[in-house]
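The structure appears below as structure tokens.
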Amino acid sequence: MSEPCGRYAPTPSGRLHLGNARTALLAWLWARSLGGRFVVRVEDLDPGRSRAQHERDQLADLRWMGLDWDEGPDVGGPHGPYRQSERGEHYVAALARLRTFECTCTRKELREATFAPHGREPVYPGTCCEGVSCPERPRAVRWHTPAGVVTVDDAVLGHHEEDVAAEVGDFVLRRSDGAWAYQLAVVVDDGAMGITHVLRGADLWTSTARQVLLQRALGLPTPRYAHVPLVLGPDGNKLGKRHGAPELTRLREEGADPQRLVATLARSAGLLAPGIGRVEPRALVADFEVSRLPKEDSVLDLETLRSPA
Ligand code: GLU
């Protein structure tokens with residue numbers, strides 16, 4: 001059994017919000033409670049949306065919360081580089097090992113060619129499988145997704161089965177503008193960095209079967225997964241700016257108390273009794289148990305960020 005290793009993988013396209021902070025805290029707690037390493041990996045795959053300033057702020061925010069990491073873009077480590085924008089050669093090598101084809105379909109064409117239930121991506125209809133339909137257009141690369149049911153066991157959400165070929169189809173590994181797809185990069189990097197425990201937001205749960213299928217095709221182990229439900233505002237909707245939820249950088253710059261923030265986040269995840277107003281992440285390690293995390297979305301009490309609980 002390899003040494004436990006967790007990670008937090010922020011995308012530097014904006015500031016961290018309280019939901020991100022909670023995910024980072026829980027991912028860190030899981031790794032540390034197992035006596036494992038912790039890695040921060042910057043997922044700056046989209047050159048148009050990623051900003052170095054966001055990366056700097058995000059790392060400063062995480063440190064301000066009291067989190068630390070053994071490997072990351074600012075501290076280095078044996079599995080670097082830790083920015084996805086610098087890891088292209090790993091993705092090229094992985095792509096070469098998979099059965100792929102080029103595709104020139106646009107999103108609009110795919111939507112028109114297929115029936116997709118509301119809110120879901122259409123299943124790829126196979127248009128370019130035997131050769132691209134529009135040779136003059138830039139080409140994306142898709143994976144000939146193998147048939148068969150994938151089973152995923154999640155430490156929080158439980159058991160899930162998915163036939164990726166039937167429910168998603170041949171999905172994109174490299175976009176037509178040359179950017180690497182998240183699905184490929186995350187699998188290659190988790191494998192290369194020896195990540196054994198992945199805790200992340202439940203919005204990524206629907207990607208997991210695709211990632212497990214890629215891990216199998218590339219001969220990589222499947223990490224243990226834990227998908228944590230969302231953080232809601234007092235009105236029951238996904239916590240956001242309209243609830244007055246401050247971004248982390250703002251709290252830090254305003255001189256807020258990071259231990260009060262950590263206590264608020266920990267309480268929302270059932271890790272701290274009401275009435276404890278301040279806590280350091282380190283103090284939560286000993287009692288952390290991933291299977292006890294809430295399976296339902298939880299409400300964050302913004303009041304306690306600034307005033308005693
Ligand atoms: N970079 C992704 C995000 O910021 C997280 C990916 C992952 O944890 O697998 O949402």
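In the structure tokens, each chain is lettered A, B, ... as it comes, each chain's residues begin at 1, and ligands are numbered from 1 in order of appearance.
Look at segment 235-237 of chain A: the protein and nucleic acid residues within 9 Å of it, using only C-alpha atoms and passing over chain neighbours fewer than 3 places away, are Val231, Leu232, Gly240, His243, Asp297, Ser298 and Val299 of chain A.
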_I'd like to know which residues of segment 3-175 of chain A are strand (DSSP E or B) (by DSSP, run on the backbone); could you write them as a VMD selection string?_
chain A and resid 5 to 8 37 to 40 42 71 to 72 76 83 100 to 103 140 to 143 149 to 154 158 to 163 172 to 174
Please, which residues in chain A fall within 6 Å of ligand 1 when counting only C-alpha atoms and all ligand atoms, and what is the closest atom pair and distance in Å to one decimal for each, ordered by chain then residue number, as CSV?
residue,atom,partner,partner_atom_place_in_ligand_line,distance
A:Ala9,CA,ligand 1,1 (N),4.9
A:Pro10,CA,ligand 1,4 (O),4.1
A:Thr11,CA,ligand 1,4 (O),4.2
A:Glu43,CA,ligand 1,1 (N),5.1
A:Arg200,CA,ligand 1,8 (O),5.0
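Those residues in segment 101-150 of chain A carrying a DSSP assignment of helix (DSSP H, G or I), computed from the backbone, are Arg107, Lys108, Glu109, Leu110, Arg111, Glu112 and Ala113 of chain A.
Restricting the calculation to only C-alpha atoms, the smallest distance between Thr264 of chain A and any of A:Leu305, A:Leu214, A:Ala245, A:Leu62 is found for A:Leu305.
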Shell around segment 29-37 of chain A at 10 Å using only C-alpha atoms, local window under 5 positions removed, as a PDB file with N, CA, C and O atoms, in the first residue's frame:
ATOM      1  N   SER A   2       0.637   2.163  -0.952  1.00  0.00           N
ATOM      2  CA  SER A   2       1.502   3.339  -0.999  1.00  0.00           C
ATOM      3  C   SER A   2       1.142   4.325   0.122  1.00  0.00           C
ATOM      4  O   SER A   2       0.046   4.287   0.680  1.00  0.00           O
ATOM      5  N   GLU A   3       2.085   5.174   0.394  1.00  0.00           N
ATOM      6  CA  GLU A   3       1.916   6.185   1.450  1.00  0.00           C
ATOM      7  C   GLU A   3       0.704   7.060   1.110  1.00  0.00           C
ATOM      8  O   GLU A   3       0.552   7.482  -0.044  1.00  0.00           O
ATOM      9  N   PRO A   4      -0.167   7.340   2.078  1.00  0.00           N
ATOM     10  CA  PRO A   4      -1.337   8.177   1.765  1.00  0.00           C
ATOM     11  C   PRO A   4      -0.915   9.560   1.277  1.00  0.00           C
ATOM     12  O   PRO A   4       0.063  10.133   1.781  1.00  0.00           O
ATOM     13  N   CYS A   5      -1.622  10.058   0.310  1.00  0.00           N
ATOM     14  CA  CYS A   5      -1.326  11.399  -0.204  1.00  0.00           C
ATOM     15  C   CYS A   5      -2.610  12.027  -0.714  1.00  0.00           C
ATOM     16  O   CYS A   5      -3.300  11.448  -1.556  1.00  0.00           O
ATOM     17  N   GLY A   6      -2.915  13.199  -0.189  1.00  0.00           N
ATOM     18  CA  GLY A   6      -4.092  13.939  -0.642  1.00  0.00           C
ATOM     19  C   GLY A   6      -3.660  15.157  -1.426  1.00  0.00           C
ATOM     20  O   GLY A   6      -2.467  15.461  -1.538  1.00  0.00           O
ATOM     21  N   ARG A   7      -4.635  15.853  -1.950  1.00  0.00           N
ATOM     22  CA  ARG A   7      -4.281  17.062  -2.710  1.00  0.00           C
ATOM     23  C   ARG A   7      -5.454  18.034  -2.744  1.00  0.00           C
ATOM     24  O   ARG A   7      -6.614  17.666  -2.542  1.00  0.00           O
ATOM     25  N   THR A  23     -13.569  22.845   1.066  1.00  0.00           N
ATOM     26  CA  THR A  23     -13.032  21.661   0.377  1.00  0.00           C
ATOM     27  C   THR A  23     -11.546  21.496   0.678  1.00  0.00           C
ATOM     28  O   THR A  23     -11.079  20.391   0.953  1.00  0.00           O
ATOM     29  N   ALA A  24     -10.806  22.608   0.620  1.00  0.00           N
ATOM     30  CA  ALA A  24      -9.359  22.533   0.889  1.00  0.00           C
ATOM     31  C   ALA A  24      -9.104  22.038   2.310  1.00  0.00           C
ATOM     32  O   ALA A  24      -8.266  21.167   2.540  1.00  0.00           O
ATOM     33  N   LEU A  67      -3.309  25.980   6.630  1.00  0.00           N
ATOM     34  CA  LEU A  67      -3.006  24.738   5.920  1.00  0.00           C
ATOM     35  C   LEU A  67      -1.548  24.760   5.465  1.00  0.00           C
ATOM     36  O   LEU A  67      -0.966  25.830   5.268  1.00  0.00           O
ATOM     37  N   ASP A  68      -0.969  23.593   5.308  1.00  0.00           N
ATOM     38  CA  ASP A  68       0.394  23.511   4.768  1.00  0.00           C
ATOM     39  C   ASP A  68       0.442  22.368   3.767  1.00  0.00           C
ATOM     40  O   ASP A  68      -0.475  21.560   3.692  1.00  0.00           O
ATOM     41  N   TRP A  69       1.491  22.349   2.958  1.00  0.00           N
ATOM     42  CA  TRP A  69       1.609  21.290   1.964  1.00  0.00           C
ATOM     43  C   TRP A  69       3.070  20.931   1.768  1.00  0.00           C
ATOM     44  O   TRP A  69       3.964  21.755   1.975  1.00  0.00           O
ATOM     45  N   ASP A  70       3.278  19.667   1.414  1.00  0.00           N
ATOM     46  CA  ASP A  70       4.629  19.141   1.257  1.00  0.00           C
ATOM     47  C   ASP A  70       5.152  19.378  -0.148  1.00  0.00           C
ATOM     48  O   ASP A  70       6.359  19.373  -0.377  1.00  0.00           O
ATOM     49  N   GLU A  71       4.227  19.506  -1.098  1.00  0.00           N
ATOM     50  CA  GLU A  71       4.608  19.717  -2.484  1.00  0.00           C
ATOM     51  C   GLU A  71       3.651  20.723  -3.100  1.00  0.00           C
ATOM     52  O   GLU A  71       2.446  20.676  -2.812  1.00  0.00           O
ATOM     53  N   GLY A 194       1.232  10.411  -7.231  1.00  0.00           N
ATOM     54  CA  GLY A 194       1.000   9.395  -6.203  1.00  0.00           C
ATOM     55  C   GLY A 194      -0.160   9.721  -5.289  1.00  0.00           C
ATOM     56  O   GLY A 194      -0.149   9.386  -4.101  1.00  0.00           O
ATOM     57  N   ILE A 195      -1.187  10.385  -5.848  1.00  0.00           N
ATOM     58  CA  ILE A 195      -2.339  10.774  -5.017  1.00  0.00           C
ATOM     59  C   ILE A 195      -3.190   9.530  -4.729  1.00  0.00           C
ATOM     60  O   ILE A 195      -3.639   8.842  -5.652  1.00  0.00           O
ATOM     61  N   THR A 196      -3.419   9.271  -3.465  1.00  0.00           N
ATOM     62  CA  THR A 196      -4.210   8.096  -3.068  1.00  0.00           C
ATOM     63  C   THR A 196      -5.595   8.481  -2.538  1.00  0.00           C
ATOM     64  O   THR A 196      -6.469   7.638  -2.463  1.00  0.00           O
ATOM     65  N   HIS A 197      -5.769   9.755  -2.146  1.00  0.00           N
ATOM     66  CA  HIS A 197      -7.033  10.192  -1.537  1.00  0.00           C
ATOM     67  C   HIS A 197      -7.469  11.518  -2.149  1.00  0.00           C
ATOM     68  O   HIS A 197      -6.777  12.526  -1.970  1.00  0.00           O
ATOM     69  N   VAL A 198      -8.581  11.489  -2.862  1.00  0.00           N
ATOM     70  CA  VAL A 198      -9.090  12.690  -3.533  1.00  0.00           C
ATOM     71  C   VAL A 198     -10.384  13.115  -2.866  1.00  0.00           C
ATOM     72  O   VAL A 198     -11.393  12.399  -2.947  1.00  0.00           O
ATOM     73  N   LEU A 199     -10.345  14.254  -2.185  1.00  0.00           N
ATOM     74  CA  LEU A 199     -11.567  14.837  -1.640  1.00  0.00           C
ATOM     75  C   LEU A 199     -11.820  16.126  -2.410  1.00  0.00           C
ATOM     76  O   LEU A 199     -10.924  16.966  -2.541  1.00  0.00           O
ATOM     77  N   ALA A 226     -13.706  10.995  -2.133  1.00  0.00           N
ATOM     78  CA  ALA A 226     -14.738  11.524  -1.235  1.00  0.00           C
ATOM     79  C   ALA A 226     -15.236  12.819  -1.868  1.00  0.00           C
ATOM     80  O   ALA A 226     -14.455  13.756  -2.069  1.00  0.00           O
ATOM     81  N   PRO A 281      -6.748  24.336  12.097  1.00  0.00           N
ATOM     82  CA  PRO A 281      -6.920  23.066  11.380  1.00  0.00           C
ATOM     83  C   PRO A 281      -6.255  21.895  12.105  1.00  0.00           C
ATOM     84  O   PRO A 281      -6.844  20.816  12.211  1.00  0.00           O
ATOM     85  N   ARG A 282      -5.063  22.122  12.648  1.00  0.00           N
ATOM     86  CA  ARG A 282      -4.317  21.036  13.303  1.00  0.00           C
ATOM     87  C   ARG A 282      -5.109  20.361  14.433  1.00  0.00           C
ATOM     88  O   ARG A 282      -4.990  19.171  14.680  1.00  0.00           O
ATOM     89  N   ALA A 283      -5.942  21.181  15.098  1.00  0.00           N
ATOM     90  CA  ALA A 283      -6.691  20.650  16.244  1.00  0.00           C
ATOM     91  C   ALA A 283      -7.820  19.718  15.800  1.00  0.00           C
ATOM     92  O   ALA A 283      -8.423  19.034  16.627  1.00  0.00           O
ATOM     93  N   LEU A 284      -8.115  19.711  14.497  1.00  0.00           N
ATOM     94  CA  LEU A 284      -9.227  18.880  14.002  1.00  0.00           C
ATOM     95  C   LEU A 284      -8.747  17.537  13.451  1.00  0.00           C
ATOM     96  O   LEU A 284      -9.553  16.668  13.118  1.00  0.00           O
ATOM     97  N   VAL A 285      -7.427  17.389  13.332  1.00  0.00           N
ATOM     98  CA  VAL A 285      -6.876  16.211  12.640  1.00  0.00           C
ATOM     99  C   VAL A 285      -7.227  14.919  13.370  1.00  0.00           C
ATOM    100  O   VAL A 285      -7.696  13.941  12.764  1.00  0.00           O
ATOM    101  N   ALA A 286      -7.017  14.889  14.689  1.00  0.00           N
ATOM    102  CA  ALA A 286      -7.119  13.629  15.430  1.00  0.00           C
ATOM    103  C   ALA A 286      -8.507  13.002  15.325  1.00  0.00           C
ATOM    104  O   ALA A 286      -8.640  11.780  15.227  1.00  0.00           O
ATOM    105  N   ASP A 287      -9.557  13.829  15.312  1.00  0.00           N
ATOM    106  CA  ASP A 287     -10.919  13.281  15.320  1.00  0.00           C
ATOM    107  C   ASP A 287     -11.532  13.171  13.929  1.00  0.00           C
ATOM    108  O   ASP A 287     -12.692  12.789  13.794  1.00  0.00           O
ATOM    109  N   PHE A 288     -10.775  13.523  12.888  1.00  0.00           N
ATOM    110  CA  PHE A 288     -11.383  13.544  11.548  1.00  0.00           C
ATOM    111  C   PHE A 288     -11.695  12.128  11.075  1.00  0.00           C
ATOM    112  O   PHE A 288     -10.862  11.234  11.138  1.00  0.00           O
ATOM    113  N   GLU A 289     -12.905  11.956  10.589  1.00  0.00           N
ATOM    114  CA  GLU A 289     -13.332  10.648  10.071  1.00  0.00           C
ATOM    115  C   GLU A 289     -14.170  10.916   8.817  1.00  0.00           C
ATOM    116  O   GLU A 289     -15.272  11.459   8.913  1.00  0.00           O
ATOM    117  N   VAL A 290     -13.629  10.544   7.651  1.00  0.00           N
ATOM    118  CA  VAL A 290     -14.275  10.949   6.398  1.00  0.00           C
ATOM    119  C   VAL A 290     -15.703  10.416   6.292  1.00  0.00           C
ATOM    120  O   VAL A 290     -16.588  11.087   5.759  1.00  0.00           O
TER     121      VAL A 290
END
*Neighbours of Glu280 of chain A within 9 Å (only C-alpha atoms; same-chain residues fewer than 3 positions away dropped), as a ChimeraX atom specification?*
/A:65-66,258-260,262-263,283-284
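Coordinates place atom CA of Thr206 of chain A at a distance of 24.0 Å from atom CA of Arg15 of chain A.
Compared by their closest atoms to Gln53 of chain A, and using only C-alpha atoms, the residues A:Asp170, A:Gly72, A:Ser13, A:Lys238 rank with A:Ser13 nearest.
Residues surrounding segment 103-111 of chain A within 8 Å are Pro122, Tyr124, Pro125, Thr127, Cys128, Cys129, Gly131, Val132, Ser133, Cys134, Pro135, Arg137, Pro138, Arg139, Ala140, Val141, Arg142 and Ser176 of chain A [only C-alpha atoms; sequence separation below 6 positions excluded].
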*Top pick for closest residue to Trp28 of chain A, considering A:Val75, A:Leu218, A:Arg51, A:Arg63 and counting only C-alpha atoms*: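 Smallest separation from Trp28 of chain A among the options: A:Arg63.
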*Find the distance between atom CA of Pro47 of chain A and atom CA of Trp143 of chain A and write it in Å to one decimal.*
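Atom CA of Trp143 of chain A lies at a distance of 22.8 Å from atom CA of Pro47 of chain A.
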*From A:Ala94, A:Ala155, A:Gly169, A:Pro246, residue lying nearest Val187 of chain A [only C-alpha atoms]*: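 Of A:Ala94, A:Ala155, A:Gly169, A:Pro246, the one nearest Val187 of chain A, counting only C-alpha atoms, is A:Ala94.
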If you count only C-alpha atoms, which residues fall within 12 Å of Glu296 of chain A, apart from same-chain ones fewer than 5 positions away, as an mmCIF file with all heavy atoms, in the first residue's frame?
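The result, written out as around30.cif:
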data_model
loop_
_atom_site.group_PDB
_atom_site.id
_atom_site.type_symbol
_atom_site.label_atom_id
_atom_site.label_comp_id
_atom_site.auth_asym_id
_atom_site.auth_seq_id
_atom_site.Cartn_x
_atom_site.Cartn_y
_atom_site.Cartn_z
ATOM 1 N N VAL A 156 -18.088 9.304 0.796
ATOM 2 C CA VAL A 156 -19.219 10.094 1.300
ATOM 3 C C VAL A 156 -20.516 9.728 0.571
ATOM 4 O O VAL A 156 -21.540 9.459 1.182
ATOM 5 C CB VAL A 156 -18.934 11.608 1.146
ATOM 6 C CG1 VAL A 156 -20.151 12.436 1.559
ATOM 7 C CG2 VAL A 156 -17.720 12.008 1.973
ATOM 8 N N LEU A 157 -20.460 9.702 -0.753
ATOM 9 C CA LEU A 157 -21.703 9.555 -1.528
ATOM 10 C C LEU A 157 -22.086 8.113 -1.815
ATOM 11 O O LEU A 157 -23.176 7.846 -2.330
ATOM 12 C CB LEU A 157 -21.594 10.350 -2.835
ATOM 13 C CG LEU A 157 -21.407 11.861 -2.663
ATOM 14 C CD1 LEU A 157 -21.399 12.560 -4.013
ATOM 15 C CD2 LEU A 157 -22.494 12.462 -1.778
ATOM 16 N N ALA A 202 -18.775 17.975 -4.664
ATOM 17 C CA ALA A 202 -19.691 16.999 -5.266
ATOM 18 C C ALA A 202 -20.032 17.352 -6.713
ATOM 19 O O ALA A 202 -20.532 16.514 -7.455
ATOM 20 C CB ALA A 202 -20.962 16.911 -4.429
ATOM 21 N N HIS A 227 -16.510 12.850 -2.214
ATOM 22 C CA HIS A 227 -17.095 14.063 -2.800
ATOM 23 C C HIS A 227 -17.966 14.733 -1.749
ATOM 24 O O HIS A 227 -18.892 14.107 -1.222
ATOM 25 C CB HIS A 227 -17.892 13.705 -4.054
ATOM 26 C CG HIS A 227 -17.003 13.345 -5.212
ATOM 27 N ND1 HIS A 227 -16.493 12.083 -5.383
ATOM 28 C CD2 HIS A 227 -16.485 14.111 -6.203
ATOM 29 C CE1 HIS A 227 -15.720 12.070 -6.467
ATOM 30 N NE2 HIS A 227 -15.688 13.294 -6.980
ATOM 31 N N VAL A 228 -17.634 15.976 -1.457
ATOM 32 C CA VAL A 228 -18.360 16.648 -0.378
ATOM 33 C C VAL A 228 -19.439 17.573 -0.937
ATOM 34 O O VAL A 228 -19.206 18.315 -1.884
ATOM 35 C CB VAL A 228 -17.416 17.437 0.571
ATOM 36 C CG1 VAL A 228 -16.576 16.468 1.380
ATOM 37 C CG2 VAL A 228 -16.522 18.401 -0.168
ATOM 38 N N PRO A 229 -20.624 17.483 -0.351
ATOM 39 C CA PRO A 229 -21.743 18.304 -0.820
ATOM 40 C C PRO A 229 -21.458 19.807 -0.727
ATOM 41 O O PRO A 229 -20.484 20.233 -0.097
ATOM 42 C CB PRO A 229 -22.885 17.885 0.097
ATOM 43 C CG PRO A 229 -22.514 16.528 0.566
ATOM 44 C CD PRO A 229 -21.027 16.550 0.691
ATOM 45 N N LEU A 230 -22.319 20.552 -1.349
ATOM 46 C CA LEU A 230 -22.097 21.993 -1.478
ATOM 47 C C LEU A 230 -22.377 22.744 -0.182
ATOM 48 O O LEU A 230 -23.015 22.231 0.730
ATOM 49 C CB LEU A 230 -23.032 22.542 -2.560
ATOM 50 C CG LEU A 230 -22.844 21.948 -3.951
ATOM 51 C CD1 LEU A 230 -23.844 22.576 -4.907
ATOM 52 C CD2 LEU A 230 -21.409 22.175 -4.431
ATOM 53 N N VAL A 231 -21.911 23.973 -0.180
ATOM 54 C CA VAL A 231 -22.187 24.875 0.935
ATOM 55 C C VAL A 231 -23.310 25.820 0.497
ATOM 56 O O VAL A 231 -23.242 26.413 -0.575
ATOM 57 C CB VAL A 231 -20.923 25.698 1.267
ATOM 58 C CG1 VAL A 231 -21.203 26.632 2.412
ATOM 59 C CG2 VAL A 231 -19.763 24.785 1.586
ATOM 60 N N LEU A 232 -24.316 25.912 1.326
ATOM 61 C CA LEU A 232 -25.467 26.759 0.996
ATOM 62 C C LEU A 232 -25.505 28.008 1.868
ATOM 63 O O LEU A 232 -24.953 28.023 2.967
ATOM 64 C CB LEU A 232 -26.772 25.986 1.210
ATOM 65 C CG LEU A 232 -26.899 24.626 0.526
ATOM 66 C CD1 LEU A 232 -28.234 23.980 0.886
ATOM 67 C CD2 LEU A 232 -26.771 24.759 -0.985
ATOM 68 N N GLY A 236 -30.875 28.596 1.559
ATOM 69 C CA GLY A 236 -30.923 27.261 0.967
ATOM 70 C C GLY A 236 -30.393 27.189 -0.456
ATOM 71 O O GLY A 236 -30.382 26.123 -1.060
ATOM 72 N N SER A 268 -19.869 23.514 9.811
ATOM 73 C CA SER A 268 -20.784 23.192 8.704
ATOM 74 C C SER A 268 -20.563 21.763 8.213
ATOM 75 O O SER A 268 -21.419 21.194 7.548
ATOM 76 C CB SER A 268 -20.589 24.180 7.553
ATOM 77 O OG SER A 268 -19.461 23.817 6.781
ATOM 78 N N ALA A 269 -19.405 21.189 8.524
ATOM 79 C CA ALA A 269 -19.131 19.808 8.110
ATOM 80 C C ALA A 269 -19.308 18.845 9.276
ATOM 81 O O ALA A 269 -18.904 17.681 9.194
ATOM 82 C CB ALA A 269 -17.712 19.714 7.548
ATOM 83 N N GLY A 270 -19.887 19.334 10.372
ATOM 84 C CA GLY A 270 -20.161 18.467 11.523
ATOM 85 C C GLY A 270 -18.916 18.076 12.296
ATOM 86 O O GLY A 270 -18.915 17.079 13.008
#
*By how many Å are atom CA of Ser50 of chain A and atom CA of Tyr225 of chain A apart?*
26.2 Å
